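Enquirer: Below are the structure tokens for one structure; questions will follow.
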Amino acid sequence: MRAGERFTDEALAKIRHELRQAQGREVLFIGHLGEDQRIARVEVGARGTAEEVPALYPHMERGDVVIHNHPSGLLEPSRPDLSVANTLGQQGIGFWIIDNAAEKVYAVSEPVIPREIQTLLYEEAVSSLLLGGAFSRLLPSYEAREQQLELLKLFVRGLNEDGVVVAQAGTGVGKSFAYLLPAVLWAQRNAEKLVIATATINLQQQLFEKDLPFVQKALGTKLKTVLVKGRRNYVCPHRLAEELRDPADLQSVGELTRLADWAAQSRTGAFQELTSPPSEDLWSRVCSDVDACSGVRCAQAESCFLAKARKEASAASILVANHHLLFADLALRVEGLGFETAAVMPPFQRLIFDEAHSLEKSATSYFSGEFARPLLQKQLNRLYRKRRGAELGLIPPLRGLFTQNLNLGEIPGLISALTTQLEATDRLLAEALGNESSLRLTKEQSAWWQETMVPSVYSLQKPLSKILHLCDDLAEAWEDQEERPSEVQELKTTLRRLEGLAQMLDRFKNWDGLAQDIFWFQKGRDALGQTFITWTVSPLSVRQVFQDAVFKPFSTVMFTSATLAVQGKFTYWGGRLGLDLVPPQRRLLGLFPSPYDYSSRVVVGIPADFPPPDSEAFTPAVAEYLSSLLTACGGSALVLFTSYDALNKAYTAVRPALVEAGIPVYRQGDEDRSRLLERFKREVSSVLMATDSFWEGIDSPGETLSLVVMVRLPFRVPSEPVLAARLEALKRSGADAFMSYSLPEAVMKFQQGFGRLIRHSADYGAIVVLDNRLVNKAYGQAFLASVPETPRWVLPRRELTPRIAEFLDQWRKRERPLPKGAKIEYGSTTQEEEGYGYSG
């Protein structure tokens, strides 16, 4: 092809000048397209020899096309040329070769020409929600709400203006439809991929199975949508076959056979398909595992369920995922994979976070590093283990004539020595923790750490280092062989994992009390019930993580939840994620209160004569008052605690009285979460006593929940390692740690607990808070000002209980409850949040 067809005269003049200066050597040019799609401007990125030129990605990634000359005049791409072209092509960058006279050009790969973005009209997006629009035609009971229309307008602006949207939408506003409508229209019009990330499985399933299909039906679109799951959700045919050949537990053979029969018929290989799921232990031995994955080299690559799922995702326009999976994807991109190629998910351009109130916790968890005996033991077992006298693992099949000088026979002894030292180190740490569940390394522990633990760390590193060297030599020996078995790639993967764990040990060994990160230990129990210690390094702040992985790379980022603001401001939540570092012109903020009638349907009660929570009288008072309140109100209650100890004491004391009154009472931990919630919803008069995660994510509309009791204001224990470190950092900076962190964090948790009560326009009920700091302390106003306004009864217990019971009884008589087992026309039990307007 003639160069004049691809370059402007000015660009060619620049190229020819540089080539003359190079005197027969290769030059790398970075080309920029003009309006006519020809190269209008070039700059030199590197200069080389007559045979090669450096391929400098920091330069190349700034252009539209990378161009270099072949002084020989032959424009045939070399193997390195094709490799560079492939890498750049994944980012949409073209790769061309020219002759030394810059008269001919060979386009190895073309640049991706950015499509002109077509913005959305608010009137077009909102028309489906208005009376007579597509929604009301499909769902006659649907009624649009002003808050939902305004929220949709904000989301439209976020897409059109490449904004960072932060929207608090109260229960019943219909936030999911408000972002799904513009998201679907945007994906349809601009062929851009969007990701919607949520915190809970329930919301993911609702979005994927119900809301997205409904929105697409209303709009007449047929975009492909995919629910993206982590690899552990899929059975691995290779691991399943291996386990069948040599089961770890002979008693599991029957269950393994049933799994194999199911896998042979399954379309997705997903755990959720199983009608009778296997034990967690068995599933962990047969599910897809990154440490055991050979990728395309696997003998069963064609039947890989994970690969099929990822192929499905690459073809989708809208992906629904959870926060943890999204962070796994973003971490790979930030660590060097980039944002233009596939990671855990395919590349995408726009990002929506629902249930965004929990993002700091999710990001902290994911971006923390860990070392623990089970983690190390898993990798060691992959290398070498003995079962029923047989040698198993990666080492035995990789032994050969050319590996005889590698001393591989030392590995079993080294693994044994390392395992023994691991157990000894765990005992030392367990002794230091005593009765505490966790311990943070601070300057006060410096002497103990240096004198007692550092020598123990050295004792772990010595055998681990030898194992790493031997395995590295083994992998290198196999590199010289023409044919390499799949175990070689698995060995390399295992080596990377072991090196990561070795680096964690190194970080702890070098801890000096001055580190910005948080170093801490926590007790755990393995499958056999044995105590082990997890060593964790957590980030002190996730602000930079969000800058690098979220705010900067993506054109639009939208955050929404029912609880993001404290007293009407996003200062706390936004500050924790670094929202203040985003340019002001990109920030689009909005508060959209619930349309529900809290003022007449809800009361907040505080027993004025209750003992303060730090007094000895508080615990017995809780048991006594819960018995009388729950009995008088006939159950249908959720009782929220801030510790398992308080929960267990109250449950033990209250249960006899409730059982005698015919009120079923359930306790968190007695059954798995989903089964426990199902029983609670089924038994209308039942009481559920719970803590921590049950403050949020529970949807139990109607008669099953009419009373929420918060035993204490949900302040976290200030000795928790991550919290303690962050509070200390705030104090060092001169901030008021309580007012700027502890209080707003507790207020957001309080909002979540408050939000469990009203999930539907026909719901009613009472919130009773036994912690009288809510009215006796000045900061109590921060809690009350952050929830919908309701009547507040501050009365002695003997007056408050009958008032609450009477209030609930009046509403029960007034409202017609849904018949048992009745289904609402569309949606799930959280449909009222989506603005369906069902009125019973």
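Ordering of the structure tokens sets the chain letters (A, B, ...); residue numbers start at 1 within each chain; ligands are numbered from 1 in the order shown.
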Excluding Ala805 of chain A and its own-chain neighbours fewer than 4 positions away, which residues fall within 7 Å of it when counting only C-alpha atoms? Please give them as an MDAnalysis selection string.

Expert: chainID A and resid 632:633 801 809

Enquirer: Do a neighbour search on segment 524-538 of chain A at 9 Å with only C-alpha atoms, toss out local chain neighbours closer than 4 positions, and write the hits as a VMD selection string.

Expert: chain A and resid 281 364 to 365 367 to 374 423 425 to 427 429 to 430 437 504 to 505 507 to 508 517 to 520 722

Enquirer: Would you mind listing what lies within 9 Å of Leu581 of chain A as a list in words, with only C-alpha atoms counted and same-chain residues fewer than 4 positions away left out?

Expert: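 Residues near the query, excluding close chain neighbours: Arg543, Gln547 and Gly575 of chain A.
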
Enquirer: Using only C-alpha atoms for the distances, tell me which of A:Gln23, A:Pro77, A:Leu589, A:Trp811 is nearest to Glu150 of chain A.

Expert: A:Leu589

Enquirer: So which one's closest to Ser719 of chain A, A:Gln404, A:Asn202, A:Gln90, A:Ser742? Using only C-alpha atoms, please.

Expert: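 Answer, going by the shortest atom-to-atom distance: A:Ser742.
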
Enquirer: Where does segment 598-617 of chain A meet segment 769-784 of chain A within 8 Å, residue by residue, with the nearest atom pair and distance in Å to one decimal for each, counting only C-alpha atoms, listed by chain and rising number, as JSON lines?

Expert:
{"residue": "A:Val604", "atom": "CA", "partner": "A:Val769", "partner_atom": "CA", "distance": 7.6}
{"residue": "A:Gly605", "atom": "CA", "partner": "A:Val769", "partner_atom": "CA", "distance": 6.4}
{"residue": "A:Ile606", "atom": "CA", "partner": "A:Val769", "partner_atom": "CA", "distance": 5.3}
{"residue": "A:Pro607", "atom": "CA", "partner": "A:Leu770", "partner_atom": "CA", "distance": 6.3}
{"residue": "A:Ala608", "atom": "CA", "partner": "A:Asn772", "partner_atom": "CA", "distance": 6.7}
{"residue": "A:Phe610", "atom": "CA", "partner": "A:Asn772", "partner_atom": "CA", "distance": 6.8}
{"residue": "A:Pro611", "atom": "CA", "partner": "A:Asn772", "partner_atom": "CA", "distance": 7.9}
{"residue": "A:Pro612", "atom": "CA", "partner": "A:Asn772", "partner_atom": "CA", "distance": 6.6}
{"residue": "A:Pro613", "atom": "CA", "partner": "A:Asp771", "partner_atom": "CA", "distance": 6.3}

Enquirer: What would the file look like if the residues just selected were written as a JSON list (two decimals), in the first residue's frame with C-alpha atoms?

Expert:
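Wrote it out as out_37.json, contents follow:
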[["chain", "number", "residue", "atom", "x", "y", "z"],
["A", 604, "VAL", "CA", -39.19, 4.70, 67.28],
["A", 605, "GLY", "CA", -39.21, 3.74, 70.94],
["A", 606, "ILE", "CA", -36.45, 4.28, 73.50],
["A", 607, "PRO", "CA", -36.95, 3.02, 77.08],
["A", 608, "ALA", "CA", -36.02, 6.08, 79.15],
["A", 610, "PHE", "CA", -32.94, 1.57, 80.74],
["A", 611, "PRO", "CA", -29.48, 1.15, 82.35],
["A", 612, "PRO", "CA", -26.58, 2.58, 80.34],
["A", 613, "PRO", "CA", -24.87, 0.01, 78.11]]

Enquirer: Any idea what the distance is between atom CA of Ser733 of chain A and atom CA of Ala785 of chain A?

Expert: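 Taking atom CA of Ser733 of chain A as the start and atom CA of Ala785 of chain A as the end point, the length is 27.8 Å.
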
Enquirer: With a distance cut-off of 9 Å and only C-alpha atoms, select the neighbouring residues of Ala724 of chain A, excluding the residue or stretch itself and same-chain residues fewer than 6 positions from it, and output the selection as a list in words.

Expert: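 Near neighbours after the sequence-gap exclusion: Arg440, Val717 and Pro718 of chain A.
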
Enquirer: Would you export the selected residues with N, CA, C and O atoms as an mmCIF file, in the first residue's frame, please?

Expert:
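What landed in part.cif:
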data_model
loop_
_atom_site.group_PDB
_atom_site.id
_atom_site.type_symbol
_atom_site.label_atom_id
_atom_site.label_comp_id
_atom_site.auth_asym_id
_atom_site.auth_seq_id
_atom_site.Cartn_x
_atom_site.Cartn_y
_atom_site.Cartn_z
ATOM 1 N N ARG A 440 -2.786 -6.872 66.932
ATOM 2 C CA ARG A 440 -2.121 -6.001 65.958
ATOM 3 C C ARG A 440 -0.699 -5.731 66.418
ATOM 4 O O ARG A 440 -0.457 -5.491 67.605
ATOM 5 N N VAL A 717 -15.950 -2.367 68.093
ATOM 6 C CA VAL A 717 -14.988 -2.415 69.194
ATOM 7 C C VAL A 717 -13.708 -1.721 68.746
ATOM 8 O O VAL A 717 -13.107 -2.123 67.745
ATOM 9 N N PRO A 718 -13.272 -0.664 69.442
ATOM 10 C CA PRO A 718 -12.120 0.120 68.963
ATOM 11 C C PRO A 718 -10.799 -0.640 68.973
ATOM 12 O O PRO A 718 -9.802 -0.155 68.448
#

Enquirer: Would you mind listing what lies within 12 Å of Leu19 of chain A as a list in words, with only C-alpha atoms counted and same-chain residues fewer than 5 positions away left out?

Expert: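 The neighbour list is Leu12, Ala13, Lys14, Gly24, Arg25, Glu26, Val27, Leu28, Phe29, Val44, Ala46, Arg47, Gly48, Ala50, His68, Asn69, His70, Pro71, Ile98, Asp99, Asn100, Ala101 and Ala102 of chain A.
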
Enquirer: Let me make sure I understand: among A:Ala197, A:Ile15, A:Leu795, A:Ala264, which one has the smallest atom-to-atom distance to Val228 of chain A if we use only C-alpha atoms?

Expert: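 Nearest to Val228 of chain A: A:Ala197.
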
Enquirer: Considering only C-alpha atoms, return as a PDB file with all heavy atoms, in the first residue's frame whatever protein or nucleic-acid residues lie within 9 Å of Asp64 of chain A, sequence-local ones (same chain, fewer than 6 positions apart) excluded.

Expert:
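Wrote it out as around.pdb, contents follow:
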ATOM      1  N   ILE A  30       5.525   6.818  16.940  1.00  0.00           N
ATOM      2  CA  ILE A  30       4.194   6.792  17.541  1.00  0.00           C
ATOM      3  C   ILE A  30       3.312   7.692  16.696  1.00  0.00           C
ATOM      4  O   ILE A  30       3.564   8.899  16.583  1.00  0.00           O
ATOM      5  CB  ILE A  30       4.200   7.293  19.009  1.00  0.00           C
ATOM      6  CG1 ILE A  30       5.366   6.671  19.786  1.00  0.00           C
ATOM      7  CG2 ILE A  30       2.859   7.018  19.662  1.00  0.00           C
ATOM      8  CD1 ILE A  30       5.373   5.167  19.815  1.00  0.00           C
ATOM      9  N   GLY A  31       2.285   7.110  16.064  1.00  0.00           N
ATOM     10  CA  GLY A  31       1.440   7.873  15.158  1.00  0.00           C
ATOM     11  C   GLY A  31       0.091   8.224  15.761  1.00  0.00           C
ATOM     12  O   GLY A  31      -0.482   7.438  16.515  1.00  0.00           O
ATOM     13  N   HIS A  32      -0.392   9.417  15.391  1.00  0.00           N
ATOM     14  CA  HIS A  32      -1.686   9.895  15.884  1.00  0.00           C
ATOM     15  C   HIS A  32      -2.590  10.193  14.683  1.00  0.00           C
ATOM     16  O   HIS A  32      -2.192  10.909  13.760  1.00  0.00           O
ATOM     17  CB  HIS A  32      -1.513  11.147  16.739  1.00  0.00           C
ATOM     18  CG  HIS A  32      -0.597  10.938  17.900  1.00  0.00           C
ATOM     19  ND1 HIS A  32      -1.026  10.489  19.124  1.00  0.00           N
ATOM     20  CD2 HIS A  32       0.761  11.094  17.998  1.00  0.00           C
ATOM     21  CE1 HIS A  32       0.013  10.394  19.946  1.00  0.00           C
ATOM     22  NE2 HIS A  32       1.110  10.756  19.295  1.00  0.00           N
ATOM     23  N   LEU A  33      -3.789   9.659  14.705  1.00  0.00           N
ATOM     24  CA  LEU A  33      -4.726   9.809  13.598  1.00  0.00           C
ATOM     25  C   LEU A  33      -5.315  11.208  13.543  1.00  0.00           C
ATOM     26  O   LEU A  33      -5.596  11.824  14.585  1.00  0.00           O
ATOM     27  CB  LEU A  33      -5.865   8.787  13.724  1.00  0.00           C
ATOM     28  CG  LEU A  33      -5.473   7.310  13.569  1.00  0.00           C
ATOM     29  CD1 LEU A  33      -6.646   6.415  13.952  1.00  0.00           C
ATOM     30  CD2 LEU A  33      -5.011   7.019  12.145  1.00  0.00           C
ATOM     31  N   ILE A  39      -2.564   9.130   9.424  1.00  0.00           N
ATOM     32  CA  ILE A  39      -1.628   9.578  10.448  1.00  0.00           C
ATOM     33  C   ILE A  39      -1.254  11.029  10.173  1.00  0.00           C
ATOM     34  O   ILE A  39      -0.651  11.344   9.136  1.00  0.00           O
ATOM     35  CB  ILE A  39      -0.357   8.694  10.465  1.00  0.00           C
ATOM     36  CG1 ILE A  39      -0.719   7.238  10.793  1.00  0.00           C
ATOM     37  CG2 ILE A  39       0.660   9.230  11.473  1.00  0.00           C
ATOM     38  CD1 ILE A  39      -1.330   7.037  12.159  1.00  0.00           C
ATOM     39  N   GLY A  92      -6.360  -1.840  21.166  1.00  0.00           N
ATOM     40  CA  GLY A  92      -6.915  -1.051  20.069  1.00  0.00           C
ATOM     41  C   GLY A  92      -5.896  -0.231  19.314  1.00  0.00           C
ATOM     42  O   GLY A  92      -6.259   0.651  18.528  1.00  0.00           O
ATOM     43  N   ILE A  93      -4.589  -0.501  19.538  1.00  0.00           N
ATOM     44  CA  ILE A  93      -3.532   0.265  18.886  1.00  0.00           C
ATOM     45  C   ILE A  93      -3.049  -0.492  17.651  1.00  0.00           C
ATOM     46  O   ILE A  93      -2.770  -1.691  17.714  1.00  0.00           O
ATOM     47  CB  ILE A  93      -2.359   0.508  19.852  1.00  0.00           C
ATOM     48  CG1 ILE A  93      -2.857   1.281  21.091  1.00  0.00           C
ATOM     49  CG2 ILE A  93      -1.219   1.264  19.165  1.00  0.00           C
ATOM     50  CD1 ILE A  93      -1.834   1.374  22.203  1.00  0.00           C
ATOM     51  N   GLY A  94      -2.926   0.185  16.524  1.00  0.00           N
ATOM     52  CA  GLY A  94      -2.484  -0.441  15.294  1.00  0.00           C
ATOM     53  C   GLY A  94      -0.970  -0.617  15.243  1.00  0.00           C
ATOM     54  O   GLY A  94      -0.221  -0.009  16.026  1.00  0.00           O
ATOM     55  N   PHE A  95      -0.500  -1.456  14.293  1.00  0.00           N
ATOM     56  CA  PHE A  95       0.929  -1.730  14.159  1.00  0.00           C
ATOM     57  C   PHE A  95       1.265  -1.822  12.677  1.00  0.00           C
ATOM     58  O   PHE A  95       0.785  -2.714  11.972  1.00  0.00           O
ATOM     59  CB  PHE A  95       1.272  -3.049  14.875  1.00  0.00           C
ATOM     60  CG  PHE A  95       2.745  -3.334  14.968  1.00  0.00           C
ATOM     61  CD1 PHE A  95       3.520  -2.738  15.953  1.00  0.00           C
ATOM     62  CD2 PHE A  95       3.360  -4.215  14.080  1.00  0.00           C
ATOM     63  CE1 PHE A  95       4.881  -3.015  16.047  1.00  0.00           C
ATOM     64  CE2 PHE A  95       4.716  -4.488  14.159  1.00  0.00           C
ATOM     65  CZ  PHE A  95       5.484  -3.883  15.155  1.00  0.00           C
ATOM     66  N   PRO A 111      -5.736   0.121  13.800  1.00  0.00           N
ATOM     67  CA  PRO A 111      -6.198   0.679  15.075  1.00  0.00           C
ATOM     68  C   PRO A 111      -7.723   0.598  15.181  1.00  0.00           C
ATOM     69  O   PRO A 111      -8.419   0.564  14.157  1.00  0.00           O
ATOM     70  CB  PRO A 111      -5.742   2.140  14.996  1.00  0.00           C
ATOM     71  CG  PRO A 111      -5.762   2.449  13.529  1.00  0.00           C
ATOM     72  CD  PRO A 111      -5.320   1.170  12.853  1.00  0.00           C
ATOM     73  N   VAL A 112      -8.188   0.522  16.397  1.00  0.00           N
ATOM     74  CA  VAL A 112      -9.629   0.576  16.618  1.00  0.00           C
ATOM     75  C   VAL A 112     -10.033   2.050  16.624  1.00  0.00           C
ATOM     76  O   VAL A 112      -9.555   2.830  17.462  1.00  0.00           O
ATOM     77  CB  VAL A 112     -10.011  -0.098  17.949  1.00  0.00           C
ATOM     78  CG1 VAL A 112     -11.504   0.086  18.215  1.00  0.00           C
ATOM     79  CG2 VAL A 112      -9.643  -1.572  17.909  1.00  0.00           C
ATOM     80  N   ILE A 113     -10.869   2.425  15.682  1.00  0.00           N
ATOM     81  CA  ILE A 113     -11.309   3.812  15.590  1.00  0.00           C
ATOM     82  C   ILE A 113     -12.414   4.048  16.617  1.00  0.00           C
ATOM     83  O   ILE A 113     -13.462   3.387  16.574  1.00  0.00           O
ATOM     84  CB  ILE A 113     -11.846   4.150  14.184  1.00  0.00           C
ATOM     85  CG1 ILE A 113     -10.816   3.739  13.117  1.00  0.00           C
ATOM     86  CG2 ILE A 113     -12.191   5.627  14.091  1.00  0.00           C
ATOM     87  CD1 ILE A 113      -9.487   4.427  13.245  1.00  0.00           C
TER      88      ILE A 113
END
